[in-house]
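Structure file model.csv (CSV, C-alpha atoms) is printed below.
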```csv
chain,number,residue,atom,x,y,z
A,1,MET,CA,64.2,-99.9,181.6
A,2,GLU,CA,60.9,-98.2,181.9
A,3,SER,CA,59.2,-101.5,182.9
A,4,LEU,CA,61.8,-102.0,185.6
A,5,LEU,CA,61.2,-98.6,187.0
A,6,ASP,CA,57.4,-99.2,186.9
A,7,ARG,CA,57.9,-102.5,188.7
A,8,TRP,CA,60.3,-101.4,191.5
A,9,LEU,CA,60.5,-97.6,191.8
A,10,TRP,CA,57.0,-96.4,190.8
A,11,ARG,CA,55.1,-99.1,192.7
A,12,GLN,CA,51.9,-97.5,193.9
A,13,GLU,CA,52.4,-99.1,197.4
A,14,TYR,CA,55.4,-96.8,197.8
A,15,TRP,CA,53.9,-93.5,196.7
A,16,LEU,CA,50.1,-93.8,197.3
A,17,PRO,CA,48.0,-94.7,200.4
A,18,PRO,CA,46.1,-98.0,200.5
A,19,GLY,CA,43.1,-98.0,198.2
A,20,VAL,CA,44.5,-95.5,195.7
A,21,THR,CA,46.1,-96.4,192.4
A,22,TRP,CA,47.9,-94.6,189.6
A,23,ALA,CA,44.6,-94.8,187.6
A,24,ASP,CA,43.0,-92.5,190.2
A,25,MET,CA,45.7,-89.9,189.5
A,26,VAL,CA,45.1,-89.5,185.8
A,27,GLU,CA,45.4,-85.8,184.7
A,28,THR,CA,42.8,-83.9,182.7
A,29,GLU,CA,42.9,-80.6,180.9
A,30,SER,CA,41.6,-78.8,184.0
A,31,VAL,CA,43.3,-80.9,186.7
A,32,GLN,CA,47.1,-81.3,186.9
A,33,TYR,CA,48.9,-83.5,189.4
A,34,PRO,CA,52.6,-83.5,190.3
A,35,GLN,CA,54.7,-85.7,187.9
A,36,PRO,CA,58.2,-87.0,188.6
A,37,ARG,CA,59.4,-85.6,185.3
A,38,ASP,CA,58.7,-82.1,186.5
A,39,LEU,CA,61.7,-82.4,188.8
A,40,LEU,CA,64.1,-82.5,185.8
A,41,ILE,CA,63.8,-78.7,185.4
A,42,THR,CA,65.5,-78.1,188.7
A,43,LEU,CA,68.9,-79.2,187.5
A,44,PRO,CA,69.3,-76.6,184.7
A,45,LEU,CA,67.6,-74.1,186.9
A,46,SER,CA,70.2,-74.7,189.6
A,47,LEU,CA,72.9,-73.8,187.0
A,48,VAL,CA,71.0,-70.6,186.4
A,49,PHE,CA,71.2,-69.9,190.1
A,50,ILE,CA,75.0,-70.5,190.1
A,51,ALA,CA,75.5,-68.1,187.2
A,52,ALA,CA,73.2,-65.5,188.8
A,53,ARG,CA,75.1,-65.8,192.0
A,54,TYR,CA,78.4,-65.3,190.2
A,55,GLY,CA,77.2,-62.0,188.7
A,56,PHE,CA,75.4,-60.9,191.8
A,57,GLU,CA,78.4,-61.3,194.1
A,58,ARG,CA,80.6,-59.3,191.8
A,59,LEU,CA,78.2,-56.6,190.6
A,60,VAL,CA,76.1,-56.1,193.7
A,61,ALA,CA,77.5,-57.7,196.8
A,62,LEU,CA,81.2,-56.7,196.5
A,63,PRO,CA,80.5,-53.0,195.9
A,64,LEU,CA,78.0,-53.1,198.7
A,65,SER,CA,80.6,-54.6,201.0
A,66,ARG,CA,83.0,-51.7,200.3
A,67,LYS,CA,80.3,-49.2,201.0
A,68,MET,CA,79.5,-50.8,204.3
A,69,GLY,CA,83.1,-50.8,205.3
A,70,VAL,CA,84.1,-54.5,205.1
A,71,ARG,CA,87.8,-54.8,205.4
A,72,ASP,CA,90.3,-57.6,204.8
A,73,THR,CA,93.1,-56.3,206.9
A,74,THR,CA,94.2,-59.4,208.8
A,75,ARG,CA,97.0,-61.4,207.2
A,76,PRO,CA,97.8,-64.8,208.6
A,77,VAL,CA,101.4,-65.8,209.3
A,78,LEU,CA,102.7,-67.5,206.1
A,79,ALA,CA,104.1,-71.0,206.2
A,80,VAL,CA,107.7,-71.5,205.2
A,81,GLN,CA,107.9,-72.7,201.6
A,82,ASN,CA,108.3,-76.5,201.4
A,83,VAL,CA,107.7,-78.3,198.1
A,84,THR,CA,107.0,-81.7,199.6
A,85,LEU,CA,104.5,-80.5,202.2
A,86,GLU,CA,102.8,-78.2,199.6
A,87,VAL,CA,102.3,-81.1,197.2
A,88,PHE,CA,100.9,-83.2,200.0
A,89,TYR,CA,98.6,-80.4,201.2
A,90,LYS,CA,97.1,-79.8,197.7
A,91,GLN,CA,96.9,-83.4,196.4
A,92,GLN,CA,96.2,-85.6,199.4
A,93,SER,CA,95.0,-84.0,202.6
A,94,ARG,CA,94.9,-80.7,204.5
A,95,SER,CA,94.8,-82.5,207.8
A,96,PRO,CA,97.2,-85.5,207.8
A,97,SER,CA,96.9,-88.4,210.2
A,98,GLN,CA,99.5,-89.4,212.7
A,99,SER,CA,101.1,-91.9,210.4
A,100,GLN,CA,101.2,-89.4,207.6
A,101,PHE,CA,102.8,-86.8,210.0
A,102,HIS,CA,105.5,-89.4,210.8
A,103,SER,CA,106.2,-90.2,207.2
A,104,LEU,CA,106.4,-86.5,206.2
A,105,SER,CA,108.7,-85.9,209.1
A,106,LYS,CA,111.2,-88.4,207.7
A,107,GLN,CA,110.8,-87.0,204.1
A,108,CYS,CA,111.4,-83.4,205.1
A,109,ASP,CA,113.9,-84.0,207.9
A,110,LEU,CA,111.7,-82.0,210.3
A,111,SER,CA,110.1,-82.8,213.6
A,112,GLN,CA,106.5,-83.8,213.9
A,113,ARG,CA,105.8,-80.6,215.8
A,114,GLN,CA,107.2,-78.5,213.0
A,115,ILE,CA,105.1,-80.4,210.4
A,116,GLU,CA,102.0,-79.9,212.5
A,117,ARG,CA,102.8,-76.2,212.8
A,118,TRP,CA,103.3,-75.9,209.0
A,119,PHE,CA,99.9,-77.4,208.2
A,120,ARG,CA,98.2,-75.2,210.7
A,121,LEU,CA,99.7,-72.1,209.2
A,122,ARG,CA,99.0,-73.3,205.7
A,123,ARG,CA,95.3,-73.9,206.5
A,124,ASN,CA,95.1,-70.4,207.9
A,125,GLN,CA,96.4,-69.0,204.6
A,126,ASP,CA,93.4,-70.5,202.8
A,127,ARG,CA,90.9,-69.0,205.2
A,128,PRO,CA,88.3,-66.9,203.2
A,129,SER,CA,88.4,-63.1,203.4
A,130,ASN,CA,85.6,-61.1,205.0
A,131,SER,CA,84.6,-59.8,201.5
A,132,LYS,CA,84.0,-63.4,200.3
A,133,LYS,CA,82.0,-64.2,203.4
A,134,PHE,CA,80.0,-61.0,203.0
A,135,CYS,CA,79.2,-61.7,199.3
A,136,GLU,CA,78.0,-65.3,200.2
A,137,ALA,CA,75.8,-64.0,203.0
A,138,CYS,CA,74.4,-61.3,200.9
A,139,TRP,CA,73.4,-63.7,198.1
A,140,ARG,CA,71.7,-66.0,200.6
A,141,PHE,CA,70.0,-63.1,202.4
A,142,THR,CA,68.6,-61.9,199.0
A,143,PHE,CA,67.2,-65.3,198.1
A,144,TYR,CA,65.8,-66.2,201.5
A,145,MET,CA,64.1,-62.8,201.8
A,146,ILE,CA,62.5,-63.1,198.4
A,147,ALA,CA,61.6,-66.7,199.0
A,148,PHE,CA,59.9,-66.0,202.3
A,149,LEU,CA,57.9,-63.1,200.9
A,150,ALA,CA,56.9,-65.2,197.9
A,151,GLY,CA,55.9,-68.1,200.2
A,152,LEU,CA,53.7,-65.8,202.2
A,153,ALA,CA,52.1,-64.5,199.0
A,154,VAL,CA,51.5,-68.0,197.8
A,155,LEU,CA,50.1,-69.5,201.1
A,156,VAL,CA,48.4,-66.6,202.9
A,157,ASP,CA,45.0,-67.3,201.1
A,158,LYS,CA,45.3,-71.1,201.4
A,159,PRO,CA,43.2,-72.9,204.1
A,160,TRP,CA,46.1,-75.2,205.2
A,161,PHE,CA,48.2,-72.1,206.1
A,162,TRP,CA,45.8,-71.4,209.0
A,163,ASP,CA,44.7,-74.9,209.7
A,164,PRO,CA,47.4,-77.6,208.9
A,165,SER,CA,44.8,-80.4,209.0
A,166,GLU,CA,43.5,-79.1,205.7
A,167,CYS,CA,46.7,-80.5,204.2
A,168,TRP,CA,45.1,-83.9,204.1
A,169,VAL,CA,41.6,-83.1,202.8
A,170,GLY,CA,41.1,-85.0,199.6
A,171,TYR,CA,44.6,-86.4,199.7
A,172,PRO,CA,46.2,-87.6,197.4
A,173,GLN,CA,43.9,-86.2,194.7
A,174,GLN,CA,44.8,-82.6,195.3
A,175,PRO,CA,45.3,-80.6,192.1
A,176,LEU,CA,48.7,-78.8,191.6
A,177,GLN,CA,48.5,-75.0,191.3
A,178,THR,CA,50.9,-73.0,189.2
A,179,SER,CA,52.1,-70.9,192.1
A,180,GLN,CA,52.8,-74.0,194.2
A,181,TYR,CA,54.7,-75.6,191.3
A,182,TRP,CA,57.1,-72.6,190.8
A,183,TYR,CA,57.5,-72.1,194.5
A,184,TYR,CA,58.6,-75.8,194.8
A,185,MET,CA,60.8,-75.8,191.7
A,186,THR,CA,62.6,-72.6,192.7
A,187,GLU,CA,63.4,-73.7,196.2
A,188,LEU,CA,64.5,-77.1,195.1
A,189,ALA,CA,66.8,-75.7,192.4
A,190,PHE,CA,68.3,-73.3,194.9
A,191,TYR,CA,69.2,-76.2,197.3
A,192,TRP,CA,70.7,-78.0,194.3
A,193,SER,CA,72.9,-75.0,193.6
A,194,LEU,CA,74.0,-74.9,197.3
A,195,LEU,CA,74.9,-78.6,197.2
A,196,LEU,CA,76.8,-78.2,193.9
A,197,ARG,CA,78.8,-75.3,195.3
A,198,VAL,CA,79.2,-76.5,198.9
A,199,SER,CA,82.9,-77.5,198.3
A,200,PHE,CA,83.7,-74.0,197.0
A,201,ASP,CA,81.8,-72.0,199.7
A,202,VAL,CA,83.1,-70.9,203.1
A,203,LYS,CA,83.6,-74.1,205.1
A,204,ARG,CA,82.3,-74.0,208.6
A,205,LYS,CA,82.4,-76.2,211.6
A,206,ASP,CA,79.0,-77.7,210.7
A,207,PHE,CA,80.1,-78.5,207.1
A,208,LYS,CA,79.0,-82.2,207.4
A,209,GLU,CA,75.6,-81.2,208.9
A,210,GLN,CA,75.1,-78.7,206.1
A,211,VAL,CA,75.7,-81.4,203.5
A,212,ILE,CA,73.3,-83.7,205.3
A,213,HIS,CA,70.8,-80.9,205.5
A,214,HIS,CA,71.0,-80.1,201.8
A,215,ILE,CA,70.7,-83.8,200.8
A,216,ALA,CA,67.8,-84.4,203.2
A,217,THR,CA,66.1,-81.3,201.9
A,218,ILE,CA,66.4,-82.3,198.3
A,219,PHE,CA,65.2,-85.9,199.0
A,220,LEU,CA,62.4,-84.5,201.1
A,221,MET,CA,61.2,-82.0,198.5
A,222,GLY,CA,61.6,-84.5,195.6
A,223,PHE,CA,59.7,-87.3,197.4
A,224,SER,CA,57.0,-84.9,198.8
A,225,TYR,CA,56.4,-83.6,195.3
A,226,CYS,CA,56.1,-87.0,193.7
A,227,ALA,CA,53.8,-88.2,196.5
A,228,ASN,CA,51.8,-85.0,196.3
A,229,TYR,CA,52.7,-83.8,199.7
A,230,ILE,CA,52.8,-80.3,198.2
A,231,ARG,CA,50.7,-78.6,200.9
A,232,VAL,CA,52.7,-79.7,203.9
A,233,GLY,CA,55.9,-79.2,201.9
A,234,THR,CA,55.1,-75.6,201.3
A,235,LEU,CA,54.6,-75.1,205.1
A,236,VAL,CA,58.1,-76.7,205.7
A,237,LEU,CA,59.7,-74.3,203.2
A,238,LEU,CA,58.0,-71.3,204.7
A,239,VAL,CA,59.1,-72.3,208.3
A,240,HIS,CA,62.7,-72.6,207.2
A,241,ASP,CA,62.8,-69.3,205.2
A,242,ALA,CA,61.3,-67.4,208.1
A,243,SER,CA,64.6,-67.2,210.0
A,244,ASP,CA,67.3,-67.9,207.5
A,245,TYR,CA,67.3,-64.3,206.0
A,246,LEU,CA,67.7,-62.9,209.5
A,247,LEU,CA,70.8,-65.0,210.1
A,248,GLU,CA,72.4,-63.9,206.8
A,249,SER,CA,71.7,-60.3,207.4
A,250,ALA,CA,73.3,-60.5,210.9
A,251,LYS,CA,76.4,-62.1,209.2
A,252,MET,CA,76.6,-59.2,206.7
A,253,PHE,CA,76.6,-56.6,209.5
A,254,ASN,CA,79.1,-58.6,211.5
A,255,TYR,CA,81.6,-58.7,208.6
A,256,ALA,CA,81.1,-55.0,208.1
A,257,GLY,CA,81.9,-54.3,211.8
A,258,TRP,CA,78.4,-53.0,212.7
A,259,ARG,CA,78.4,-54.6,216.1
A,260,ARG,CA,75.2,-53.2,217.6
A,261,VAL,CA,73.1,-53.9,214.5
A,262,CYS,CA,74.6,-57.4,214.3
A,263,ASP,CA,73.8,-58.1,217.9
A,264,SER,CA,70.2,-56.8,217.6
A,265,LEU,CA,69.6,-58.9,214.4
A,266,PHE,CA,71.1,-61.9,216.1
A,267,PHE,CA,68.7,-61.8,219.0
A,268,VAL,CA,65.8,-61.3,216.6
A,269,PHE,CA,67.0,-64.3,214.6
A,270,THR,CA,67.4,-66.4,217.8
A,271,ALA,CA,63.8,-65.7,218.9
A,272,VAL,CA,62.4,-66.4,215.4
A,273,PHE,CA,64.6,-69.6,215.0
A,274,LEU,CA,63.6,-71.1,218.3
A,275,VAL,CA,59.9,-70.4,217.8
A,276,THR,CA,59.7,-71.6,214.2
A,277,ARG,CA,62.1,-74.6,214.4
A,278,LEU,CA,61.5,-75.9,217.9
A,279,VAL,CA,57.8,-74.9,218.4
A,280,VAL,CA,56.0,-74.3,215.1
A,281,PHE,CA,57.8,-77.1,213.2
A,282,PRO,CA,57.2,-80.0,215.6
A,283,VAL,CA,53.8,-78.8,216.9
A,284,LYS,CA,52.2,-77.9,213.6
A,285,VAL,CA,54.1,-79.7,210.9
A,286,LEU,CA,55.3,-82.9,212.5
A,287,TYR,CA,52.1,-83.3,214.4
A,288,THR,CA,50.0,-83.1,211.3
A,289,THR,CA,52.2,-85.5,209.3
A,290,TRP,CA,52.4,-88.1,212.1
A,291,TYR,CA,48.9,-88.0,213.6
A,292,LEU,CA,46.4,-85.9,211.6
A,293,SER,CA,47.3,-87.5,208.3
A,294,MET,CA,46.1,-90.9,209.6
A,295,GLU,CA,42.6,-89.6,210.0
A,296,ASN,CA,42.4,-89.6,206.2
A,297,PHE,CA,44.5,-92.7,205.2
A,298,GLN,CA,46.4,-95.6,206.6
A,299,PRO,CA,50.2,-95.5,206.9
A,300,PHE,CA,52.2,-96.7,204.0
A,301,PHE,CA,55.9,-96.6,202.9
A,302,GLY,CA,55.7,-92.9,201.8
A,303,TYR,CA,54.3,-92.0,205.2
A,304,TYR,CA,57.2,-93.5,207.1
A,305,PHE,CA,59.9,-92.2,204.7
A,306,PHE,CA,58.5,-88.7,204.6
A,307,ASN,CA,58.3,-88.5,208.4
A,308,ALA,CA,61.8,-90.0,208.8
A,309,LEU,CA,63.2,-87.2,206.7
A,310,LEU,CA,61.3,-84.6,208.7
A,311,LEU,CA,62.8,-86.1,211.9
A,312,VAL,CA,66.3,-85.7,210.4
A,313,LEU,CA,65.6,-82.0,209.8
A,314,GLN,CA,64.3,-81.7,213.4
A,315,LEU,CA,67.5,-83.2,214.8
A,316,LEU,CA,69.5,-80.7,212.8
A,317,HIS,CA,67.3,-78.0,214.2
A,318,VAL,CA,68.2,-79.1,217.7
A,319,PHE,CA,71.9,-79.2,216.8
A,320,TRP,CA,71.9,-75.6,215.5
A,321,ALA,CA,69.7,-74.4,218.4
A,322,LEU,CA,72.4,-75.6,220.8
A,323,LEU,CA,75.0,-73.6,218.9
A,324,ILE,CA,72.8,-70.5,218.9
A,325,LEU,CA,72.1,-70.8,222.6
A,326,ARG,CA,75.9,-71.2,223.2
A,327,MET,CA,76.4,-67.9,221.5
A,328,VAL,CA,73.6,-66.3,223.6
A,329,TRP,CA,75.4,-67.6,226.7
A,330,LYS,CA,78.7,-66.0,225.6
A,331,PHE,CA,76.8,-62.8,225.1
A,332,VAL,CA,75.5,-62.9,228.6
A,333,VAL,CA,79.0,-63.6,230.0
A,334,GLN,CA,81.1,-61.4,227.7
A,335,GLY,CA,78.6,-58.7,226.8
A,336,ARG,CA,78.5,-59.2,223.1
A,337,VAL,CA,78.1,-61.8,220.4
A,338,GLU,CA,81.6,-62.9,219.5
A,339,ARG,CA,81.0,-64.6,216.2
A,340,ASP,CA,79.0,-67.3,214.5
A,341,GLU,CA,79.8,-70.6,216.3
A,342,ARG,CA,79.8,-72.3,212.9
A,343,SER,CA,82.3,-69.9,211.3
A,344,ASP,CA,85.6,-71.0,209.9
A,345,GLU,CA,88.0,-68.6,211.6
A,346,GLU,CA,91.6,-69.1,212.0
A,347,GLU,CA,92.4,-72.1,214.1
A,348,ASN,CA,92.7,-71.5,217.9
A,349,HIS,CA,96.1,-70.6,219.1
A,350,THR,CA,97.4,-72.0,222.4
A,351,GLU,CA,100.3,-70.6,224.3
A,352,GLU,CA,102.5,-73.4,222.9
A,353,GLU,CA,101.4,-72.6,219.4
A,354,GLU,CA,102.1,-68.9,219.9
A,355,GLU,CA,105.6,-69.7,221.0
A,356,GLU,CA,105.9,-71.8,217.8
A,357,GLU,CA,104.8,-68.9,215.7
A,358,GLU,CA,107.5,-66.8,217.4
A,359,GLU,CA,110.0,-69.5,216.6
A,360,THR,CA,108.8,-69.4,213.0
A,361,ARG,CA,109.2,-65.7,212.8
A,362,TRP,CA,112.6,-66.0,214.4
A,363,GLU,CA,113.6,-68.7,211.9
A,364,ARG,CA,112.6,-66.4,209.0
A,365,ARG,CA,114.5,-63.5,210.4
A,366,LYS,CA,117.5,-65.8,211.0
A,367,CYS,CA,117.4,-67.1,207.4
A,368,THR,CA,117.2,-63.5,206.1
A,369,PHE,CA,120.1,-62.5,208.3
A,370,ASP,CA,122.1,-65.5,207.3
A,371,SER,CA,121.5,-64.8,203.6
A,372,LYS,CA,122.7,-61.2,204.1
A,373,LEU,CA,125.6,-62.1,206.4
A,374,PRO,CA,128.2,-62.8,203.7
A,375,SER,CA,127.6,-59.6,201.9
A,376,LEU,CA,127.7,-57.7,205.3
A,377,ALA,CA,131.0,-59.4,206.1
A,378,ASN,CA,132.5,-58.6,202.8
A,379,ASN,CA,131.5,-54.9,203.2
A,380,CYS,CA,133.1,-54.8,206.7
A,381,VAL,CA,136.3,-56.3,205.4
A,382,LEU,CA,136.5,-53.9,202.5
A,383,ASN,CA,135.7,-51.0,204.8
A,384,ASN,CA,138.5,-52.0,207.2
A,385,LEU,CA,141.0,-52.4,204.4
A,386,THR,CA,140.1,-49.0,203.0
A,387,ASN,CA,140.4,-47.3,206.4
A,388,GLN,CA,143.8,-48.9,207.0
A,389,ARG,CA,145.0,-47.7,203.6
A,390,ASN,CA,143.8,-44.2,204.2
A,391,GLY,CA,145.2,-44.1,207.7
A,392,ALA,CA,148.6,-45.4,206.9
A,393,PRO,CA,150.2,-42.2,205.4
A,394,SER,CA,149.0,-40.1,208.4
A,395,ARG,CA,150.5,-42.5,210.9
A,396,GLN,CA,154.0,-42.9,209.2
A,397,PRO,CA,155.2,-39.4,210.1
A,398,LYS,CA,154.2,-39.9,213.7
A,399,ALA,CA,156.0,-43.2,213.8
A,400,ARG,CA,159.2,-41.6,212.4
```

Structure rendered as structure tokens:
Amino acid sequence: MESLLDRWLWRQEYWLPPGVTWADMVETESVQYPQPRDLLITLPLSLVFIAARYGFERLVALPLSRKMGVRDTTRPVLAVQNVTLEVFYKQQSRSPSQSQFHSLSKQCDLSQRQIERWFRLRRNQDRPSNSKKFCEACWRFTFYMIAFLAGLAVLVDKPWFWDPSECWVGYPQQPLQTSQYWYYMTELAFYWSLLLRVSFDVKRKDFKEQVIHHIATIFLMGFSYCANYIRVGTLVLLVHDASDYLLESAKMFNYAGWRRVCDSLFFVFTAVFLVTRLVVFPVKVLYTTWYLSMENFQPFFGYYFFNALLLVLQLLHVFWALLILRMVWKFVVQGRVERDERSDEEENHTEEEEEEEEETRWERRKCTFDSKLPSLANNCVLNNLTNQRNGAPSRQPKAR
């Protein structure tokens, strides 16, 4: 197995530029280079992050949400109980196809319109509360803030922080520093924890893009570490952390109802995001990986693969920038930031759907009335008989 990995996976043509072999990357007591086995620590460390998040959300974030005034007052309209639809919803799909709608309609003896309405109401029941959203945003804000400050502390005295062309001086024989190692491992473990919990977190409209982002980030960090792209990799991490904590803080104040603070933080986040993701990242990071790197070595497989992953990240940056600019446009038109365009609010209600909800409420009231009707009728009959018996003696003398 080891010989197979050495032959196919760890071929030096994949990981090292032309003219450099694995023999040139031999470690000594004073010089340490990144090793693929170092990445194994990120998996148990990600479990530590998950456990720490569990305790943080319950001991810190939840009490903080109450002090900031986060309320869970909105209650969605409950779907009518239906065993067949409930089993299908939990075991097969939350959004059936047209053929499945037709099949369920026959099984339940309901119209397709009623089935669609039931699934929409049922999905709204599973929408996360504001407290859960606040706790999630608070956890991410805490990590991104600490990671950004730690990244600045690690990189501020490094020459490639001020001049990205320094990333390639002496490449790939660039010794690994302890601060860079832990900065990399901590960030990689955190993204592993996000990926492992992505199905349990609040699902947003960009759920697929988030999964792609996490996977691309993990592959990018793992490959860059093995190929000793540590210097440029730390710049990528710092650029991303520079705006993420601002977004999470704006979400926290949004869930707490602090509209002015939320709007102010959102515009600060917008400015930082557009500058770092659409200006600094392509101009500084992509330019140095695409062009300046070739001044020190010839392109090889790792060069193309690394840059391809960076381009995937840049496409995601453009996608999220469009969503952010859409929110800015809504603010210009409506006068305030409505909500996160990616948020998973209750599904939009059209006039027809509102009428359907009224019908649902009326059906429930009708069912309640029908269930009470027999007892009401019996009470009325008994009351009439009682009144007739009581009134009979008083009417007999008058009749005589």

Quiz item: Restricting the calculation to only C-alpha atoms, which member of A:Phe101, A:Trp10, A:Phe148, A:Trp139 is positioned closest to A:Gly55?
Solution: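 The shortest atom-to-atom distance to A:Gly55 comes from A:Trp139.
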
Can you list every residue of stretch 124-243 of chain A that has an atom at most 7 Å from stretch 300-314 of chain A, with its nearest atom pair and the distance in Å to one decimal, using all atoms listed in the file, ordered by chain then number, as a Markdown table?
```
| residue | atom | partner | partner_atom | distance |
| --- | --- | --- | --- | --- |
| A:His213 | CA | A:Leu313 | CA | 6.8 |
| A:Ala216 | CA | A:Leu309 | CA | 6.4 |
| A:Leu220 | CA | A:Leu309 | CA | 6.3 |
```

Quiz item: Near A:Tyr225, counting only C-alpha atoms, which residues have an atom at most 8 Å away, once you skip same-chain residues fewer than 4 positions from it, shown as a PyMOL selection string?
Solution: chain A and resi 34-36+221+229-230+233

Quiz item: Which residue out of A:Thr234, A:Gln114, A:Ser95, A:Ser129 has the minimum interatomic distance to A:Val80 when only C-alpha atoms are used?
Solution: A:Gln114

Quiz prompt | Atom pair atom CA of A:Phe281 / atom CA of A:Val236: separation (Å) | solution =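 Those two atoms sit 7.5 Å apart.
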
Practice problem: Check the smallest atom-to-atom distance from each of A:Leu246, A:Ala271, A:Cys226, A:Glu116 to A:Arg37 using all atoms listed in the file, then report the winner. | Solution: A:Cys226

Practice problem: Take atom CA of A:Pro159 and atom CA of A:Leu16 and report the distance between them in Å, one decimal. | Solution: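 Between these atoms lies a distance of 23.0 Å.
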
Exercise. Considering only C-alpha atoms, state which residue in the set A:Val48, A:Val169, A:Leu237, A:Val20 is at the smallest distance from A:Leu149.
Key: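 Among A:Val48, A:Val169, A:Leu237, A:Val20, it is A:Leu237 that comes nearest to A:Leu149.
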